[in-house]
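S.K.: Quick one: the structure is below, and I'll ask about it shortly.
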Amino acid sequence: MISIVDVSKSFGGKDLLQGASLQVSRGDRIGLVGPNGAGKSTLINMILGREEPDEGEITRDRRCSLGFLPQETAPVNDETVIEIAINLHPEIISTRRALNSDDHHHEVDPHSHYAELNGFELEARAKKILAGLGFRERDFERPARELSGGWAMRAHLARLLVQEPDFLLLDEPTNHLDLHSLLWFQNHLQNYPGAILMVSHDREFLNKIVDSIVELRFGQLQRYRGDYESFVTQREANEANLLAAYNNQQREIARLMLFVDRFRAKNTKAAQAQSKLKQIERMDKIEAPAAAGATINFSFPQPRRSGQRVLTLKDIHFGYGANIVYAGLDFEVEREQRIVLVGPNGAGKSTLLKLMAGILTPSDGQRELGINTICGYYSQNRVEMLRLDRTVFEEALDTEQRVTEQFIRTLLGCFLFSGDDVDKPVRVLSGGEKSRLALVKLLINPPNFLLMDEPTTHLDMPSIEALVTALKQFKGTLVFISHDVYFIKKLANQVVHVEGGQVRRFAGDYNYYVEKTGWGTATSFTAVAPTPPRKVAPTINSKEQRRIEAEQRQARSRARKDQQNTVTRIEKEIATLESRQQEIHDSLQSAETYANTALFAELNRELKSIDTKLDRLHQQWEAESLKLEQLA
């Protein structure tokens, strides 16, 4: 289908491809990976014919239809959402509009012509795909120009899936999807009949879709059979072997050169020395393994420890105009929980995160931060966190923390802002650079309660891995939204499903959540037969059955109430001890207490006793809360 032979390409004085070759055949499912700036987008543009190689050749089978989804821009005109999705033929839209217009004076019967163009079949297919990608039925006839950039991209993705080209070329297709639509898309691609070449930073997505990885690195295209995890293993083994071969050859060269240097000046040994030099020259030299590209390397400074209860939302009411999102919502977050919010698009996940962060104010209800809680919010729209009129350095320096300029420059360097990069205006930064700068601002003034909305968007895979490592070491509390399943699996120890203004908590990780709900599996995207009603044993009449069921409900209700009382009692004990703990901390910081040796020692003894009691109570609270969750 696609043949890339000995292609070289330079851009801005940098050699992106140097004699690179690749064959793409029907049925191939390839993930294209490589560090930022390696030339992935340039390669895609050459495959599309938008750019020409400096040397070499790229050819495509003329019988092969190609569909392309760009990473960032998807133009829209005056089409509706459904019109974008079915716009596979110039006459389809005009015929559809004629069919739906009040003017029936047409030379050609629009109904028959629309049927000839396969319009009705395409429309039915498009509606199923649009629904899978998160569009509601009322959105289908909505003008596309009213959509945000991300939703416009979804509409164009739907068009590609309706078209079903022989070769699908996707550049970061998951960037604008929420988790629910991503899992639907993943399930759809697993059954896609054509070939696929995609650029993606989502390793779990790649693992589910591709059968080979092509790495663009140092100007070459290296193909590895298998999924992304297999690629990582193979590459590490290859590099270890290459390094060993290089070191062995260098030792042999050094041994020969030692002989040459020692004897080249002696007449009796000069011929042998010359022979050794020729032996070195004839060697097929192994190049030194190049170091991997620069990646983010950081860890979160450990913040001050918060109280056990980090945040409480009580009877929260919130809506956007007539659209009521929450009515009477109660929600709590405890210290060191790592909660991921999941649910379908438009369910209110980002709204809930903003309510927790205090970015949005409820129309009714209370938001209470716990003792010593410092909240930090990492917005999905990074621009909300940054001043575009400043330079990178000025923006990083704008902090309440007392830090030196050298500290700022060092931290920026860790996030790949070096040299003149720190003087760049924020407005010209790429999406990935804005994401990294927003992380810098969080780190300078670290919170102990971190709220993150799609933190992996625009980060490459090594940077995501570094962020995962840093967050695993982070001792604070984390609540986040993400469509990156790998990121979720690595970090979440609780899952909260948000839908229809309700939140349902699962006291386990993502795998536990999927096991309990089946959400996100292939069967969850198909109609499920209703569960048949439970049959009553014939030996018990219906009146007796109702009595037994009522008693069982009452017993469960009493058990829940008793368990709730147990949890509430422990929480009150914790709150009392934490309040006293704070009083002691405040007293120990005063000069008077420090001067009174006996009082200072007594307070320290009491503080140690409180710490021990709190550790025990926290363990009790976790155990009893889990029992309460199981009774829900």
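Ordered as shown in the structure tokens, chains take letters A, B, and onward, while each chain numbers its residues from 1 and ligands are numbered from 1 in the order shown.
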Could you give me the residues within region 296-390 of chain A that DSSP places in alpha helix (DSSP H), as a list in words?

M.R.: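 Across region 296-390 of chain A, those assigned alpha helix (DSSP H) are Lys349, Ser350, Thr351, Leu352, Leu353, Lys354, Leu355, Met356 and Ala357 of chain A.
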
S.K.: So that I can see what lies close to Ser212 (chain A), please list as a list of chain:residue names the residues with an atom at most 10 Å from it, counting only C-alpha atoms and leaving out residues fewer than 2 positions away in the same chain.

M.R.: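 The filter keeps A:Asp28, A:Arg29, A:Ile30, A:Gly31, A:Leu32, A:Leu197, A:Leu206, A:Asn207, A:Ile209, A:Val210, A:Val214, A:Glu215, A:Arg223, A:Tyr224, A:Arg225, A:Gly226, A:Asp227, A:Tyr228, A:Ser230, A:Phe231.
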
S.K.: With N, CA and C atoms retained, export the selected residues as a PDB file, in the first residue's frame.

M.R.:
ATOM      1  N   ASP A  28      -1.923  -4.069   7.979  1.00  0.00           N
ATOM      2  CA  ASP A  28      -0.952  -3.633   8.987  1.00  0.00           C
ATOM      3  C   ASP A  28      -1.605  -2.675   9.979  1.00  0.00           C
ATOM      4  N   ARG A  29      -1.172  -2.774  11.219  1.00  0.00           N
ATOM      5  CA  ARG A  29      -1.618  -1.838  12.267  1.00  0.00           C
ATOM      6  C   ARG A  29      -0.361  -1.362  12.979  1.00  0.00           C
ATOM      7  N   ILE A  30       0.069  -0.167  12.620  1.00  0.00           N
ATOM      8  CA  ILE A  30       1.384   0.317  13.018  1.00  0.00           C
ATOM      9  C   ILE A  30       1.254   1.539  13.940  1.00  0.00           C
ATOM     10  N   GLY A  31       1.994   1.511  15.034  1.00  0.00           N
ATOM     11  CA  GLY A  31       2.130   2.682  15.885  1.00  0.00           C
ATOM     12  C   GLY A  31       3.456   3.365  15.573  1.00  0.00           C
ATOM     13  N   LEU A  32       3.401   4.655  15.216  1.00  0.00           N
ATOM     14  CA  LEU A  32       4.609   5.428  14.915  1.00  0.00           C
ATOM     15  C   LEU A  32       4.983   6.225  16.155  1.00  0.00           C
ATOM     16  N   LEU A 197      -2.052   3.428  10.427  1.00  0.00           N
ATOM     17  CA  LEU A 197      -0.769   3.976  10.889  1.00  0.00           C
ATOM     18  C   LEU A 197      -1.113   5.143  11.786  1.00  0.00           C
ATOM     19  N   LEU A 206      -2.231   2.003  22.204  1.00  0.00           N
ATOM     20  CA  LEU A 206      -1.375   1.327  21.227  1.00  0.00           C
ATOM     21  C   LEU A 206      -1.357  -0.187  21.474  1.00  0.00           C
ATOM     22  N   ASN A 207      -1.243  -0.576  22.738  1.00  0.00           N
ATOM     23  CA  ASN A 207      -1.207  -2.009  23.062  1.00  0.00           C
ATOM     24  C   ASN A 207      -2.461  -2.735  22.575  1.00  0.00           C
ATOM     25  N   ILE A 209      -4.367  -1.858  19.941  1.00  0.00           N
ATOM     26  CA  ILE A 209      -4.671  -1.710  18.518  1.00  0.00           C
ATOM     27  C   ILE A 209      -3.575  -2.258  17.610  1.00  0.00           C
ATOM     28  N   VAL A 210      -2.298  -1.951  17.882  1.00  0.00           N
ATOM     29  CA  VAL A 210      -1.253  -2.181  16.879  1.00  0.00           C
ATOM     30  C   VAL A 210      -0.661  -3.586  16.973  1.00  0.00           C
ATOM     31  N   VAL A 214       6.770   1.261  14.854  1.00  0.00           N
ATOM     32  CA  VAL A 214       7.865   1.822  14.066  1.00  0.00           C
ATOM     33  C   VAL A 214       8.399   3.034  14.831  1.00  0.00           C
ATOM     34  N   GLU A 215       9.674   2.962  15.191  1.00  0.00           N
ATOM     35  CA  GLU A 215      10.283   4.071  15.932  1.00  0.00           C
ATOM     36  C   GLU A 215      11.086   4.936  14.970  1.00  0.00           C
ATOM     37  N   ARG A 223      11.491  -0.979  12.696  1.00  0.00           N
ATOM     38  CA  ARG A 223      10.219  -1.661  12.945  1.00  0.00           C
ATOM     39  C   ARG A 223      10.396  -2.787  13.960  1.00  0.00           C
ATOM     40  N   TYR A 224       9.470  -2.852  14.917  1.00  0.00           N
ATOM     41  CA  TYR A 224       9.465  -3.906  15.930  1.00  0.00           C
ATOM     42  C   TYR A 224       8.104  -4.598  15.890  1.00  0.00           C
ATOM     43  N   ARG A 225       8.085  -5.903  15.789  1.00  0.00           N
ATOM     44  CA  ARG A 225       6.828  -6.643  15.769  1.00  0.00           C
ATOM     45  C   ARG A 225       6.268  -6.766  17.182  1.00  0.00           C
ATOM     46  N   GLY A 226       4.956  -6.613  17.300  1.00  0.00           N
ATOM     47  CA  GLY A 226       4.317  -6.710  18.607  1.00  0.00           C
ATOM     48  C   GLY A 226       3.748  -5.374  19.042  1.00  0.00           C
ATOM     49  N   ASP A 227       3.213  -5.318  20.270  1.00  0.00           N
ATOM     50  CA  ASP A 227       2.619  -4.086  20.783  1.00  0.00           C
ATOM     51  C   ASP A 227       3.684  -3.186  21.404  1.00  0.00           C
ATOM     52  N   TYR A 228       3.254  -2.138  22.088  1.00  0.00           N
ATOM     53  CA  TYR A 228       4.210  -1.161  22.614  1.00  0.00           C
ATOM     54  C   TYR A 228       5.090  -1.766  23.705  1.00  0.00           C
ATOM     55  N   SER A 230       6.011  -4.833  24.019  1.00  0.00           N
ATOM     56  CA  SER A 230       6.979  -5.700  23.358  1.00  0.00           C
ATOM     57  C   SER A 230       8.097  -4.873  22.728  1.00  0.00           C
ATOM     58  N   PHE A 231       7.716  -3.728  22.150  1.00  0.00           N
ATOM     59  CA  PHE A 231       8.709  -2.819  21.556  1.00  0.00           C
ATOM     60  C   PHE A 231       9.723  -2.352  22.596  1.00  0.00           C
TER      61      PHE A 231
END

S.K.: Using only C-alpha atoms, which of A:Ala438, A:Val33, A:Leu411, A:Val503 sits nearest Val232 (chain A)?

M.R.: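 Of A:Ala438, A:Val33, A:Leu411, A:Val503, the one nearest Val232 (chain A) is A:Val33, counting only C-alpha atoms.
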
S.K.: Taking into account only C-alpha atoms, which residue in the set A:Cys414, A:Trp519, A:Val162, A:Gly219 is nearest to Phe11 (chain A)?

M.R.: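 That would be A:Gly219, the residue with the smallest distance to Phe11 (chain A).
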
S.K.: Between CA of Arg159 (chain A) and CA of Lys127 (chain A), what is the spacing in Å?

M.R.: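 Separating CA of Lys127 (chain A) from CA of Arg159 (chain A) is a distance of 10.6 Å.
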
S.K.: Counting only C-alpha atoms, which of A:Gln589, A:Ser101, A:Gln279, A:Thr174 gets nearest to Arg203 (chain A)?

M.R.: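 Among the listed residues, the smallest separation from Arg203 (chain A) belongs to A:Thr174.
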
S.K.: Extract, using only C-alpha atoms, all DNA, RNA and protein residues at most 10 Å from Lys14 (chain A), discarding same-chain residues fewer than 4 positions from it, and format them as a PyMOL selection string.

M.R.: chain A and resi 9-10+37-39+219

S.K.: Show me, as a short mmCIF file (atom, residue, chain, number, x, y, z; two decimals) with all heavy atoms, in the first residue's frame, the residues that have an atom within 10 Å of Gly358 (chain A) when counting only C-alpha atoms, minus same-chain residues fewer than 3 positions from it.

M.R.:
data_model
loop_
_atom_site.label_atom_id
_atom_site.label_comp_id
_atom_site.auth_asym_id
_atom_site.auth_seq_id
_atom_site.Cartn_x
_atom_site.Cartn_y
_atom_site.Cartn_z
N LEU A 352 -17.32 18.78 38.47
CA LEU A 352 -17.07 18.32 39.84
C LEU A 352 -15.65 18.68 40.27
O LEU A 352 -15.43 19.14 41.40
CB LEU A 352 -17.29 16.81 39.92
CG LEU A 352 -16.98 16.15 41.28
CD1 LEU A 352 -17.77 16.80 42.40
CD2 LEU A 352 -17.26 14.65 41.22
N LEU A 353 -14.69 18.51 39.38
CA LEU A 353 -13.30 18.84 39.72
C LEU A 353 -13.16 20.33 40.02
O LEU A 353 -12.47 20.72 40.96
CB LEU A 353 -12.38 18.43 38.57
CG LEU A 353 -10.92 18.19 38.92
CD1 LEU A 353 -10.78 16.93 39.77
CD2 LEU A 353 -10.06 18.05 37.67
N LYS A 354 -13.84 21.17 39.23
CA LYS A 354 -13.77 22.62 39.45
C LYS A 354 -14.50 23.03 40.73
O LYS A 354 -14.10 23.99 41.40
CB LYS A 354 -14.36 23.36 38.24
CG LYS A 354 -13.47 23.30 37.00
CD LYS A 354 -14.10 24.03 35.83
CE LYS A 354 -13.18 23.98 34.60
NZ LYS A 354 -13.79 24.66 33.44
N LEU A 355 -15.56 22.33 41.07
CA LEU A 355 -16.23 22.60 42.35
C LEU A 355 -15.31 22.25 43.51
O LEU A 355 -15.25 22.97 44.52
CB LEU A 355 -17.53 21.80 42.44
CG LEU A 355 -18.70 22.29 41.56
CD1 LEU A 355 -19.79 21.24 41.49
CD2 LEU A 355 -19.26 23.61 42.11
N THR A 361 -18.45 28.15 41.87
CA THR A 361 -19.15 28.35 43.13
C THR A 361 -20.55 27.76 43.02
O THR A 361 -21.30 28.12 42.10
CB THR A 361 -19.25 29.85 43.47
OG1 THR A 361 -17.94 30.41 43.49
CG2 THR A 361 -19.93 30.05 44.81
N PRO A 362 -20.92 26.86 43.91
CA PRO A 362 -22.26 26.27 43.84
C PRO A 362 -23.34 27.28 44.16
O PRO A 362 -23.10 28.26 44.88
CB PRO A 362 -22.20 25.15 44.89
CG PRO A 362 -21.15 25.57 45.85
CD PRO A 362 -20.13 26.33 45.04
N ARG A 367 -18.65 23.96 50.50
CA ARG A 367 -17.36 23.34 50.19
C ARG A 367 -16.44 23.63 51.37
O ARG A 367 -16.18 24.78 51.70
CB ARG A 367 -16.77 23.93 48.91
CG ARG A 367 -15.30 23.55 48.66
CD ARG A 367 -14.77 24.28 47.44
NE ARG A 367 -13.37 23.99 47.17
CZ ARG A 367 -12.35 24.74 47.56
NH1 ARG A 367 -12.57 25.86 48.26
NH2 ARG A 367 -11.10 24.39 47.27
N GLU A 368 -15.93 22.58 52.02
CA GLU A 368 -15.09 22.74 53.20
C GLU A 368 -13.74 22.04 52.98
O GLU A 368 -13.71 20.82 52.75
CB GLU A 368 -15.76 22.16 54.45
CG GLU A 368 -17.06 22.85 54.82
CD GLU A 368 -17.74 22.18 56.01
OE1 GLU A 368 -17.18 21.17 56.52
OE2 GLU A 368 -18.81 22.64 56.42
N LEU A 369 -12.66 22.80 53.02
CA LEU A 369 -11.33 22.21 52.98
C LEU A 369 -10.94 21.76 54.38
O LEU A 369 -11.27 22.42 55.37
CB LEU A 369 -10.31 23.22 52.46
CG LEU A 369 -10.33 23.53 50.95
CD1 LEU A 369 -9.29 24.59 50.63
CD2 LEU A 369 -10.07 22.28 50.13
N CYS A 375 -4.81 23.48 48.18
CA CYS A 375 -5.38 22.95 46.94
C CYS A 375 -4.64 23.49 45.73
O CYS A 375 -4.34 24.68 45.64
CB CYS A 375 -6.87 23.32 46.89
SG CYS A 375 -7.71 22.68 45.46
N TYR A 377 -4.82 23.27 41.34
CA TYR A 377 -5.67 22.83 40.23
C TYR A 377 -4.89 22.92 38.92
O TYR A 377 -4.33 23.96 38.58
CB TYR A 377 -6.91 23.72 40.16
CG TYR A 377 -7.81 23.46 38.98
CD1 TYR A 377 -8.45 22.24 38.82
CD2 TYR A 377 -8.03 24.44 38.02
CE1 TYR A 377 -9.29 21.99 37.74
CE2 TYR A 377 -8.87 24.21 36.93
CZ TYR A 377 -9.50 22.99 36.81
OH TYR A 377 -10.31 22.76 35.73
#
